[in-house]
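**Student:** Input structure: my_file.cif, which contains mmCIF, C-alpha atoms and all ligand atoms.
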data_data
#
loop_
_atom_site.group_PDB
_atom_site.id
_atom_site.type_symbol
_atom_site.label_atom_id
_atom_site.label_comp_id
_atom_site.auth_asym_id
_atom_site.auth_seq_id
_atom_site.Cartn_x
_atom_site.Cartn_y
_atom_site.Cartn_z
ATOM 1 C CA MET A 1 -53.005 3.244 31.009
ATOM 2 C CA GLU A 2 -50.003 4.720 29.147
ATOM 3 C CA PRO A 3 -48.325 1.962 27.081
ATOM 4 C CA ILE A 4 -44.786 0.606 26.888
ATOM 5 C CA LEU A 5 -43.704 -0.151 23.301
ATOM 6 C CA ILE A 6 -41.515 -3.200 22.727
ATOM 7 C CA PHE A 7 -39.730 -3.134 19.376
ATOM 8 C CA GLY A 8 -38.671 -6.711 18.691
ATOM 9 C CA GLY A 9 -41.490 -7.890 20.948
ATOM 10 C CA SER A 10 -41.714 -11.109 18.908
ATOM 11 C CA GLY A 11 -38.039 -11.866 19.544
ATOM 12 C CA GLY A 12 -36.104 -13.601 22.303
ATOM 13 C CA ILE A 13 -35.200 -10.695 24.582
ATOM 14 C CA GLY A 14 -38.089 -8.419 23.532
ATOM 15 C CA GLY A 15 -40.532 -11.277 24.145
ATOM 16 C CA ALA A 16 -39.113 -11.875 27.623
ATOM 17 C CA ILE A 17 -39.367 -8.145 28.410
ATOM 18 C CA ALA A 18 -42.979 -8.111 27.223
ATOM 19 C CA ARG A 19 -43.895 -11.103 29.439
ATOM 20 C CA LYS A 20 -42.283 -9.513 32.516
ATOM 21 C CA LEU A 21 -44.014 -6.177 31.963
ATOM 22 C CA LYS A 22 -47.354 -7.807 31.258
ATOM 23 C CA ALA A 23 -47.011 -9.849 34.477
ATOM 24 C CA ARG A 24 -46.704 -6.649 36.481
ATOM 25 C CA GLY A 25 -49.835 -5.266 34.834
ATOM 26 C CA GLU A 26 -48.348 -2.945 32.227
ATOM 27 C CA HIS A 27 -50.047 -2.150 28.911
ATOM 28 C CA VAL A 28 -47.544 -3.385 26.319
ATOM 29 C CA ILE A 29 -47.619 -2.885 22.543
ATOM 30 C CA LEU A 30 -45.459 -5.240 20.468
ATOM 31 C CA LEU A 31 -43.717 -4.226 17.256
ATOM 32 C CA GLY A 32 -41.809 -6.469 14.847
ATOM 33 C CA ARG A 33 -41.260 -7.377 11.252
ATOM 34 C CA ASP A 34 -42.560 -10.871 10.523
ATOM 35 C CA ALA A 35 -46.380 -10.834 10.611
ATOM 36 C CA ALA A 36 -46.897 -14.424 11.729
ATOM 37 C CA ARG A 37 -44.369 -14.261 14.580
ATOM 38 C CA LEU A 38 -45.717 -10.906 15.710
ATOM 39 C CA GLU A 39 -49.335 -12.058 15.687
ATOM 40 C CA ALA A 40 -48.417 -15.171 17.665
ATOM 41 C CA ALA A 41 -46.570 -13.070 20.259
ATOM 42 C CA GLY A 42 -49.477 -10.631 20.498
ATOM 43 C CA ARG A 43 -52.019 -13.442 20.877
ATOM 44 C CA ALA A 44 -49.964 -15.139 23.594
ATOM 45 C CA LEU A 45 -49.914 -11.950 25.668
ATOM 46 C CA ASP A 46 -53.252 -10.497 24.583
ATOM 47 C CA ALA A 47 -51.287 -7.425 23.473
ATOM 48 C CA PRO A 48 -51.805 -5.129 20.471
ATOM 49 C CA THR A 49 -49.238 -5.329 17.675
ATOM 50 C CA HIS A 50 -47.849 -3.110 14.922
ATOM 51 C CA ARG A 51 -45.911 -4.622 12.063
ATOM 52 C CA LEU A 52 -43.057 -2.542 10.641
ATOM 53 C CA ASP A 53 -39.535 -2.782 9.282
ATOM 54 C CA VAL A 54 -37.321 -0.380 11.241
ATOM 55 C CA THR A 55 -35.099 0.129 8.168
ATOM 56 C CA ASP A 56 -38.060 1.797 6.398
ATOM 57 C CA ALA A 57 -37.904 5.394 7.664
ATOM 58 C CA ALA A 58 -41.327 6.312 6.268
ATOM 59 C CA ALA A 59 -42.942 3.284 7.918
ATOM 60 C CA VAL A 60 -41.307 4.149 11.253
ATOM 61 C CA ALA A 61 -42.576 7.746 11.052
ATOM 62 C CA ALA A 62 -46.102 6.629 10.102
ATOM 63 C CA THR A 63 -46.265 3.982 12.847
ATOM 64 C CA MET A 64 -44.973 6.335 15.527
ATOM 65 C CA ALA A 65 -47.455 9.031 14.447
ATOM 66 C CA GLU A 66 -50.307 6.498 14.588
ATOM 67 C CA ILE A 67 -49.364 5.304 18.082
ATOM 68 C CA ALA A 68 -48.617 8.802 19.408
ATOM 69 C CA ALA A 69 -52.049 9.965 18.231
ATOM 70 C CA THR A 70 -53.584 7.658 20.859
ATOM 71 C CA GLY A 71 -51.809 9.474 23.727
ATOM 72 C CA PRO A 72 -48.599 9.570 25.788
ATOM 73 C CA ILE A 73 -46.135 6.646 25.931
ATOM 74 C CA LYS A 74 -44.440 5.865 29.258
ATOM 75 C CA GLY A 75 -41.801 3.420 28.046
ATOM 76 C CA LEU A 76 -40.023 1.999 25.026
ATOM 77 C CA ALA A 77 -37.602 -0.887 24.550
ATOM 78 C CA TYR A 78 -35.756 -1.175 21.239
ATOM 79 C CA ALA A 79 -34.805 -4.890 21.264
ATOM 80 C CA VAL A 80 -34.064 -5.131 17.548
ATOM 81 C CA GLY A 81 -30.647 -6.046 16.264
ATOM 82 C CA THR A 82 -28.242 -8.116 14.221
ATOM 83 C CA ILE A 83 -25.263 -10.373 14.888
ATOM 84 C CA THR A 84 -22.691 -10.170 12.116
ATOM 85 C CA VAL A 85 -19.557 -12.180 12.827
ATOM 86 C CA LYS A 86 -17.137 -11.973 9.881
ATOM 87 C CA PRO A 87 -13.503 -10.974 9.553
ATOM 88 C CA ILE A 88 -13.004 -7.518 8.098
ATOM 89 C CA ALA A 89 -11.847 -8.981 4.776
ATOM 90 C CA ALA A 90 -15.234 -10.661 4.304
ATOM 91 C CA LEU A 91 -17.389 -7.666 5.244
ATOM 92 C CA LYS A 92 -19.220 -5.970 2.372
ATOM 93 C CA PRO A 93 -20.478 -2.358 2.499
ATOM 94 C CA ALA A 94 -24.006 -3.829 2.672
ATOM 95 C CA ASP A 95 -23.117 -5.642 5.933
ATOM 96 C CA PHE A 96 -22.008 -2.390 7.564
ATOM 97 C CA GLU A 97 -25.070 -0.566 6.221
ATOM 98 C CA THR A 98 -27.523 -3.188 7.440
ATOM 99 C CA ASP A 99 -25.955 -3.387 10.900
ATOM 100 C CA TYR A 100 -25.992 0.401 11.217
ATOM 101 C CA LYS A 101 -29.547 0.771 9.911
ATOM 102 C CA VAL A 102 -31.128 -1.964 12.041
ATOM 103 C CA ASN A 103 -29.266 -1.273 15.294
ATOM 104 C CA ALA A 104 -28.535 2.452 15.351
ATOM 105 C CA LEU A 105 -30.446 4.418 12.724
ATOM 106 C CA GLY A 106 -33.650 2.492 13.439
ATOM 107 C CA ALA A 107 -33.383 3.328 17.139
ATOM 108 C CA ALA A 108 -32.738 6.996 16.353
ATOM 109 C CA LEU A 109 -35.738 7.224 13.996
ATOM 110 C CA VAL A 110 -38.001 5.446 16.470
ATOM 111 C CA LEU A 111 -36.980 7.853 19.248
ATOM 112 C CA GLN A 112 -37.369 10.841 16.934
ATOM 113 C CA GLY A 113 -40.935 9.758 16.206
ATOM 114 C CA ALA A 114 -41.722 8.806 19.810
ATOM 115 C CA ALA A 115 -40.208 11.891 21.451
ATOM 116 C CA PRO A 116 -43.359 14.031 21.803
ATOM 117 C CA ALA A 117 -45.406 11.126 23.198
ATOM 118 C CA LEU A 118 -42.600 10.070 25.577
ATOM 119 C CA LYS A 119 -42.178 13.650 26.833
ATOM 120 C CA ALA A 120 -45.942 13.851 27.409
ATOM 121 C CA ALA A 121 -46.003 10.844 29.789
ATOM 122 C CA SER A 122 -47.685 11.795 33.054
ATOM 123 C CA GLN A 123 -44.936 10.449 35.383
ATOM 124 C CA GLY A 124 -41.948 10.674 33.012
ATOM 125 C CA ALA A 125 -40.890 7.996 30.541
ATOM 126 C CA SER A 126 -38.086 5.443 30.245
ATOM 127 C CA VAL A 127 -36.305 4.037 27.186
ATOM 128 C CA VAL A 128 -34.056 0.960 26.948
ATOM 129 C CA LEU A 129 -31.729 0.462 23.986
ATOM 130 C CA PHE A 130 -29.447 -2.523 23.264
ATOM 131 C CA SER A 131 -25.717 -2.555 22.706
ATOM 132 C CA SER A 132 -23.425 -5.597 22.938
ATOM 133 C CA VAL A 133 -20.492 -6.771 25.050
ATOM 134 C CA ALA A 134 -18.525 -6.499 21.787
ATOM 135 C CA VAL A 135 -18.244 -2.724 22.282
ATOM 136 C CA ALA A 136 -16.572 -2.742 25.726
ATOM 137 C CA GLN A 137 -14.397 -5.737 24.696
ATOM 138 C CA GLY A 138 -12.749 -6.031 21.316
ATOM 139 C CA PHE A 139 -13.603 -9.369 19.687
ATOM 140 C CA SER A 140 -12.134 -10.553 16.431
ATOM 141 C CA GLY A 141 -14.734 -10.786 13.639
ATOM 142 C CA HIS A 142 -17.015 -8.165 15.248
ATOM 143 C CA ALA A 143 -15.988 -4.964 13.407
ATOM 144 C CA SER A 144 -19.356 -4.209 11.817
ATOM 145 C CA ILE A 145 -21.592 -5.035 14.770
ATOM 146 C CA ALA A 146 -19.226 -3.304 17.231
ATOM 147 C CA MET A 147 -19.346 -0.145 15.091
ATOM 148 C CA ALA A 148 -23.144 -0.215 14.956
ATOM 149 C CA LYS A 149 -23.572 -0.910 18.676
ATOM 150 C CA GLY A 150 -20.964 1.732 19.521
ATOM 151 C CA ALA A 151 -23.268 4.161 17.732
ATOM 152 C CA VAL A 152 -26.156 2.972 19.933
ATOM 153 C CA GLU A 153 -24.102 3.744 23.054
ATOM 154 C CA GLY A 154 -23.411 7.258 21.711
ATOM 155 C CA LEU A 155 -27.101 7.684 20.896
ATOM 156 C CA THR A 156 -28.004 6.612 24.432
ATOM 157 C CA ARG A 157 -25.891 9.308 26.046
ATOM 158 C CA ALA A 158 -26.722 12.063 23.528
ATOM 159 C CA LEU A 159 -30.494 11.570 23.757
ATOM 160 C CA ALA A 160 -30.419 10.967 27.518
ATOM 161 C CA ALA A 161 -29.041 14.506 27.743
ATOM 162 C CA GLU A 162 -31.403 15.927 25.118
ATOM 163 C CA PHE A 163 -34.577 14.316 26.527
ATOM 164 C CA ALA A 164 -33.830 14.959 30.232
ATOM 165 C CA PRO A 165 -35.448 15.460 32.656
ATOM 166 C CA SER A 166 -38.731 14.014 31.373
ATOM 167 C CA VAL A 167 -37.352 10.905 29.614
ATOM 168 C CA ARG A 168 -34.648 8.547 30.957
ATOM 169 C CA ILE A 169 -32.618 6.612 28.381
ATOM 170 C CA ASN A 170 -30.366 3.682 29.280
ATOM 171 C CA CYS A 171 -28.722 0.875 27.340
ATOM 172 C CA ILE A 172 -28.108 -2.807 28.091
ATOM 173 C CA ALA A 173 -25.027 -4.540 26.668
ATOM 174 C CA PRO A 174 -25.559 -8.325 26.741
ATOM 175 C CA SER A 175 -23.079 -11.061 26.027
ATOM 176 C CA LEU A 176 -24.114 -14.122 23.986
ATOM 177 C CA THR A 177 -27.708 -14.955 24.908
ATOM 178 C CA ARG A 178 -29.847 -17.890 23.768
ATOM 179 C CA THR A 179 -32.312 -16.255 21.346
ATOM 180 C CA PRO A 180 -33.265 -16.825 17.703
ATOM 181 C CA LEU A 181 -30.793 -14.076 16.719
ATOM 182 C CA ALA A 182 -27.875 -15.981 18.228
ATOM 183 C CA SER A 183 -29.008 -19.465 17.204
ATOM 184 C CA ALA A 184 -26.297 -19.885 14.556
ATOM 185 C CA LEU A 185 -23.768 -19.686 17.421
ATOM 186 C CA THR A 186 -25.716 -21.182 20.327
ATOM 187 C CA GLY A 187 -27.161 -23.998 18.182
ATOM 188 C CA ASN A 188 -23.684 -25.515 17.922
ATOM 189 C CA GLU A 189 -23.424 -27.097 21.393
ATOM 190 C CA ALA A 190 -19.634 -27.484 21.297
ATOM 191 C CA LEU A 191 -19.191 -23.836 20.361
ATOM 192 C CA ALA A 192 -21.813 -22.716 22.898
ATOM 193 C CA LYS A 193 -20.043 -24.629 25.671
ATOM 194 C CA ALA A 194 -16.658 -23.173 24.702
ATOM 195 C CA VAL A 195 -18.045 -19.610 24.687
ATOM 196 C CA ALA A 196 -19.884 -20.217 27.977
ATOM 197 C CA GLU A 197 -16.561 -21.190 29.569
ATOM 198 C CA LEU A 198 -15.130 -17.773 28.635
ATOM 199 C CA HIS A 199 -17.617 -16.170 31.043
ATOM 200 C CA ALA A 200 -16.791 -15.891 34.748
ATOM 201 C CA LEU A 201 -20.296 -17.239 35.475
ATOM 202 C CA ARG A 202 -19.669 -20.195 33.101
ATOM 203 C CA ARG A 203 -22.886 -20.064 31.099
ATOM 204 C CA LEU A 204 -24.524 -18.179 28.262
ATOM 205 C CA GLY A 205 -27.281 -15.645 28.874
ATOM 206 C CA GLU A 206 -30.980 -16.473 28.850
ATOM 207 C CA PRO A 207 -33.555 -13.910 27.662
ATOM 208 C CA ASP A 208 -34.865 -13.505 31.228
ATOM 209 C CA ASP A 209 -31.366 -12.525 32.450
ATOM 210 C CA ILE A 210 -31.530 -9.507 30.156
ATOM 211 C CA ALA A 211 -35.250 -8.818 30.545
ATOM 212 C CA GLY A 212 -34.870 -8.504 34.330
ATOM 213 C CA LEU A 213 -32.693 -5.415 33.984
ATOM 214 C CA ALA A 214 -34.853 -4.011 31.181
ATOM 215 C CA ALA A 215 -37.978 -4.328 33.354
ATOM 216 C CA PHE A 216 -36.152 -2.563 36.206
ATOM 217 C CA LEU A 217 -34.986 0.265 33.921
ATOM 218 C CA LEU A 218 -38.563 0.604 32.645
ATOM 219 C CA SER A 219 -39.850 1.059 36.203
ATOM 220 C CA ASP A 220 -39.894 3.953 38.671
ATOM 221 C CA GLU A 221 -37.326 2.066 40.780
ATOM 222 C CA ALA A 222 -34.721 3.173 38.230
ATOM 223 C CA GLY A 223 -35.983 6.754 38.491
ATOM 224 C CA TRP A 224 -32.508 8.250 39.049
ATOM 225 C CA MET A 225 -30.710 6.341 36.257
ATOM 226 C CA THR A 226 -30.152 7.799 32.828
ATOM 227 C CA GLY A 227 -27.438 7.816 30.168
ATOM 228 C CA GLN A 228 -25.981 4.506 31.413
ATOM 229 C CA VAL A 229 -24.709 1.487 29.481
ATOM 230 C CA VAL A 230 -25.004 -1.561 31.732
ATOM 231 C CA GLY A 231 -23.474 -4.945 30.948
ATOM 232 C CA VAL A 232 -25.502 -8.103 31.581
ATOM 233 C CA ASP A 233 -22.836 -10.502 30.453
ATOM 234 C CA GLY A 234 -21.846 -13.134 32.991
ATOM 235 C CA GLY A 235 -18.737 -11.063 33.714
ATOM 236 C CA ARG A 236 -17.467 -11.205 30.127
ATOM 237 C CA SER A 237 -16.735 -7.473 29.731
ATOM 238 C CA ALA A 238 -14.853 -6.999 33.015
ATOM 239 C CA LEU A 239 -13.484 -10.277 34.377
ATOM 240 C CA ARG A 240 -10.866 -12.793 33.352
ATOM 241 C CA THR A 241 -10.903 -15.946 35.446
ATOM 242 C CA LYS A 242 -8.714 -18.177 33.280
ATOM 243 C CA GLY A 243 -5.236 -17.648 31.962
HETATM 244 N N1 LIG B 301 -28.857 -12.620 21.597
HETATM 245 C C1 LIG B 301 -27.608 -12.155 21.807
HETATM 246 O O1 LIG B 301 -26.633 -12.928 21.971
HETATM 247 C C2 LIG B 301 -27.361 -10.671 21.869
HETATM 248 C C3 LIG B 301 -26.085 -10.239 22.253
HETATM 249 C C4 LIG B 301 -25.831 -8.870 22.297
HETATM 250 C C5 LIG B 301 -26.835 -7.976 21.970
HETATM 251 N N2 LIG B 301 -28.076 -8.431 21.609
HETATM 252 C C6 LIG B 301 -29.086 -7.431 21.272
HETATM 253 O O2 LIG B 301 -30.280 -7.671 21.993
HETATM 254 C C7 LIG B 301 -31.388 -7.178 21.216
HETATM 255 C C8 LIG B 301 -32.477 -8.266 21.124
HETATM 256 O O3 LIG B 301 -31.937 -9.347 20.361
HETATM 257 P P1 LIG B 301 -32.501 -10.839 20.427
HETATM 258 O O4 LIG B 301 -31.331 -11.713 20.665
HETATM 259 O O5 LIG B 301 -33.700 -10.908 21.307
HETATM 260 O O6 LIG B 301 -32.921 -11.027 18.892
HETATM 261 P P2 LIG B 301 -34.171 -11.841 18.234
HETATM 262 O O7 LIG B 301 -34.596 -12.950 19.103
HETATM 263 O O8 LIG B 301 -33.760 -12.143 16.830
HETATM 264 O O9 LIG B 301 -35.312 -10.753 18.201
HETATM 265 C C9 LIG B 301 -35.163 -9.627 17.370
HETATM 266 C C10 LIG B 301 -36.511 -8.963 17.212
HETATM 267 O O10 LIG B 301 -36.336 -7.803 16.390
HETATM 268 C C11 LIG B 301 -37.219 -7.899 15.263
HETATM 269 N N3 LIG B 301 -36.586 -7.326 14.097
HETATM 270 C C12 LIG B 301 -35.420 -7.701 13.509
HETATM 271 N N4 LIG B 301 -35.174 -6.928 12.453
HETATM 272 C C13 LIG B 301 -36.202 -6.063 12.361
HETATM 273 C C14 LIG B 301 -36.531 -5.010 11.467
HETATM 274 N N5 LIG B 301 -35.736 -4.700 10.434
HETATM 275 N N6 LIG B 301 -37.681 -4.324 11.681
HETATM 276 C C15 LIG B 301 -38.487 -4.616 12.707
HETATM 277 N N7 LIG B 301 -38.242 -5.610 13.584
HETATM 278 C C16 LIG B 301 -37.107 -6.307 13.403
HETATM 279 C C17 LIG B 301 -37.453 -9.379 15.079
HETATM 280 O O11 LIG B 301 -38.637 -9.566 14.350
HETATM 281 P P3 LIG B 301 -38.677 -10.658 13.153
HETATM 282 O O12 LIG B 301 -38.506 -11.972 13.841
HETATM 283 O O13 LIG B 301 -40.004 -10.448 12.575
HETATM 284 O O14 LIG B 301 -37.524 -10.327 12.236
HETATM 285 C C18 LIG B 301 -37.555 -9.826 16.530
HETATM 286 O O15 LIG B 301 -38.812 -9.513 17.076
HETATM 287 C C19 LIG B 301 -30.821 -6.771 19.853
HETATM 288 O O16 LIG B 301 -30.566 -5.383 19.837
HETATM 289 C C20 LIG B 301 -29.493 -7.508 19.802
HETATM 290 O O17 LIG B 301 -28.551 -6.890 18.959
HETATM 291 C C21 LIG B 301 -28.357 -9.749 21.556
#
Please go through the file and, once you have read it, give me the structure as structure tokens.
Ligand SMILES: NC(=O)c1ccc[n+]([C@@H]2O[C@H](COP(=O)([O-])OP(=O)(O)OC[C@H]3O[C@@H](n4cnc5c(N)ncnc54)[C@H](OP(=O)(O)O)[C@@H]3O)[C@@H](O)[C@H]2O)c1
**Tutor:**
Amino acid sequence: MEPILIFGGSGGIGGAIARKLKARGEHVILLGRDAARLEAAGRALDAPTHRLDVTDAAAVAATMAEIAATGPIKGLAYAVGTITVKPIAALKPADFETDYKVNALGAALVLQGAAPALKAASQGASVVLFSSVAVAQGFSGHASIAMAKGAVEGLTRALAAEFAPSVRINCIAPSLTRTPLASALTGNEALAKAVAELHALRRLGEPDDIAGLAAFLLSDEAGWMTGQVVGVDGGRSALRTKG
């Protein structure tokens, strides 16, 4: 069976995507950085793993070549990212560089390496990238991450055009979701409650809220969707219900 690669498969959203895909009988391969977390995630799902740092271009190229040598790939989710919340005065060049490398350049290099194997998939392939609600809505303190995720949205549309018609590429833009990445914010219950109240649906996201759309986009049911950025955000990007 042609595999679906989950970058960040040991993380909150990537892990939830992997569980949903595995439950519907897909062959998933998990990729991540920390060996122990990745092995634990792979063991839990009986799924193969590949450890890599997406900021290491040579490692990305080598890993993609190794996986592509085993045959076509029918899907890929790039659920790797950062949350940098700092006012512009506190941002260092290294913050901007890290956000850009992890979120945008890493996705581009992964798709560059995966392209031949994705295009070779027998029934077409699907890719899901991750932006953030902080691109559609301007939030104070989000300059660096909004810039990096804005680049991901541009990458989504550019490569959706370049890889059509054999590969569909879409992007999910979540609002604050309870994962390890967001724990500095969600771990403070008072802050989490205040942010939840800013959403029309009055709660923060859970990994399964986001994984549901990712699993749909990675299925044939989404066969006529490409080049889209879709918010899964409790209404945060479009609705104002207070004030
Ligand atoms: N959670 C939110 O509130 C939120 C909001 C908007 C957008 N997003 C986006 O949603 C996506 C998934 O985020 P998440 O919340 O699920 O984060 P998470 O729980 O921290 O998971 C991130 C995953 O990416 C891996 N990873 C991080 N840096 C890596 C690197 N340099 N090389 C390889 N793997 C790396 C992590 O592995 P290690 O654990 O080994 O580092 C982990 O498996 C990201 O693109 C994020 O920006 C999240």
**Student:** Would you compute the distance between atom CA of Thr55 of chain A and atom CA of Leu31 of chain A? Give it in Å to one decimal.
**Tutor:** 13.3 Å
**Student:** Pull out every residue that the PyMOL selection byres (((not hetatm)) within 6 of (chain B and resi 301)) matches in the shown coordinates and put them as an MDAnalysis selection string.
**Tutor:** chainID A and resid 8:14 32:34 52:55 79:82 102 130:132 174:182
**Student:** Point out the residue among A:Met147, A:Ile6, A:Leu213, A:Leu204 with the least atom-to-atom distance to Ala104 of chain A, counting all atoms listed in the file.
**Tutor:** A:Met147
**Student:** Check the smallest atom-to-atom distance from each of A:Gly154, A:Ser140, A:Leu185, A:Arg24 to Ile83 of chain A using all atoms listed in the file, then report the winner.
**Tutor:**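 Result for the nearest residue to Ile83 of chain A: A:Leu185.
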**Student:** Which of these residues is nearest to Val230 of chain A, using all atoms listed in the file: A:Ala214, A:Gly106, A:Glu162, A:Thr186?
**Tutor:**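 With all atoms listed in the file as the atom set, the closest residue is A:Ala214.
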**Student:** My list of candidates is A:Arg202, A:Lys193, A:Arg236, A:Lys149. Which is closest to Ala107 of chain A when distances are computed with all atoms listed in the file?
**Tutor:**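 So, comparing all the options, the nearest one is A:Lys149.
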**Student:** Set the distance at 6 Å and use only C-alpha atoms: which residues neighbour segment 85-100 of chain A once local chain neighbours fewer than 3 positions away are removed? I'd like the list as a PyMOL selection string.
**Tutor:** chain A and resi 103-104+141-142+144+148
**Student:** Would you mind reading off the distance between atom CA of Thr241 of chain A and atom CA of Asn188 of chain A, one decimal, in Å?
**Tutor:**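 These two atoms are separated by 23.7 Å.
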**Student:** Report the distance between atom CA of Ile29 of chain A and atom CA of Asp233 of chain A in Å, rounded to one decimal place.
**Tutor:**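 One can read the atom CA of Ile29 of chain A to atom CA of Asp233 of chain A distance as 27.1 Å.
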**Student:** Apply the PyMOL selection byres (((chain A and resi 156) around 8) and not hetatm) to the structure shown and report the selected residues as a list in words.
**Tutor:** Leu129, Val152, Glu153, Gly154, Leu155, Arg157, Ala158, Leu159, Ala160, Ile169, Asn170, Cys171, Gly227, Gln228 and Val229 of chain A
**Student:** Which residue, A:Val60, A:Val195, A:Ala41, A:Thr226, has the smallest gap to Gly15 of chain A when you use all atoms listed in the file?
**Tutor:**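 Result for the nearest residue to Gly15 of chain A: A:Ala41.
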**Student:** Atoms are missing here; could segment 32-46 of chain A be completed with N, CA and C atoms and written as a PDB file, in the frame of the given file?
**Tutor:**
ATOM      1  N   GLY A  32     -42.778  -5.550  15.451  1.00  0.00           N
ATOM      2  CA  GLY A  32     -41.809  -6.469  14.847  1.00  0.00           C
ATOM      3  C   GLY A  32     -42.037  -6.523  13.355  1.00  0.00           C
ATOM      4  N   ARG A  33     -41.273  -7.382  12.717  1.00  0.00           N
ATOM      5  CA  ARG A  33     -41.260  -7.377  11.252  1.00  0.00           C
ATOM      6  C   ARG A  33     -42.098  -8.507  10.668  1.00  0.00           C
ATOM      7  N   ASP A  34     -41.875  -9.716  11.099  1.00  0.00           N
ATOM      8  CA  ASP A  34     -42.560 -10.871  10.523  1.00  0.00           C
ATOM      9  C   ASP A  34     -43.986 -10.970  11.087  1.00  0.00           C
ATOM     10  N   ALA A  35     -44.980 -10.923  10.177  1.00  0.00           N
ATOM     11  CA  ALA A  35     -46.380 -10.834  10.611  1.00  0.00           C
ATOM     12  C   ALA A  35     -46.798 -12.032  11.457  1.00  0.00           C
ATOM     13  N   ALA A  36     -46.434 -13.229  11.020  1.00  0.00           N
ATOM     14  CA  ALA A  36     -46.897 -14.424  11.729  1.00  0.00           C
ATOM     15  C   ALA A  36     -46.313 -14.487  13.143  1.00  0.00           C
ATOM     16  N   ARG A  37     -45.008 -14.222  13.248  1.00  0.00           N
ATOM     17  CA  ARG A  37     -44.369 -14.261  14.580  1.00  0.00           C
ATOM     18  C   ARG A  37     -44.955 -13.195  15.496  1.00  0.00           C
ATOM     19  N   LEU A  38     -45.197 -12.016  14.912  1.00  0.00           N
ATOM     20  CA  LEU A  38     -45.717 -10.906  15.710  1.00  0.00           C
ATOM     21  C   LEU A  38     -47.131 -11.205  16.196  1.00  0.00           C
ATOM     22  N   GLU A  39     -47.953 -11.727  15.295  1.00  0.00           N
ATOM     23  CA  GLU A  39     -49.335 -12.058  15.687  1.00  0.00           C
ATOM     24  C   GLU A  39     -49.339 -13.110  16.774  1.00  0.00           C
ATOM     25  N   ALA A  40     -48.478 -14.114  16.645  1.00  0.00           N
ATOM     26  CA  ALA A  40     -48.417 -15.171  17.665  1.00  0.00           C
ATOM     27  C   ALA A  40     -48.009 -14.587  19.013  1.00  0.00           C
ATOM     28  N   ALA A  41     -47.024 -13.682  19.003  1.00  0.00           N
ATOM     29  CA  ALA A  41     -46.570 -13.070  20.259  1.00  0.00           C
ATOM     30  C   ALA A  41     -47.682 -12.214  20.863  1.00  0.00           C
ATOM     31  N   GLY A  42     -48.381 -11.469  20.012  1.00  0.00           N
ATOM     32  CA  GLY A  42     -49.477 -10.631  20.498  1.00  0.00           C
ATOM     33  C   GLY A  42     -50.610 -11.453  21.080  1.00  0.00           C
ATOM     34  N   ARG A  43     -50.939 -12.564  20.384  1.00  0.00           N
ATOM     35  CA  ARG A  43     -52.019 -13.442  20.877  1.00  0.00           C
ATOM     36  C   ARG A  43     -51.651 -14.036  22.232  1.00  0.00           C
ATOM     37  N   ALA A  44     -50.401 -14.475  22.354  1.00  0.00           N
ATOM     38  CA  ALA A  44     -49.964 -15.139  23.594  1.00  0.00           C
ATOM     39  C   ALA A  44     -50.078 -14.203  24.792  1.00  0.00           C
ATOM     40  N   LEU A  45     -49.898 -12.906  24.547  1.00  0.00           N
ATOM     41  CA  LEU A  45     -49.914 -11.950  25.668  1.00  0.00           C
ATOM     42  C   LEU A  45     -51.169 -11.089  25.678  1.00  0.00           C
ATOM     43  N   ASP A  46     -52.068 -11.342  24.719  1.00  0.00           N
ATOM     44  CA  ASP A  46     -53.252 -10.497  24.583  1.00  0.00           C
ATOM     45  C   ASP A  46     -52.828  -9.016  24.492  1.00  0.00           C
TER      46      ASP A  46
END
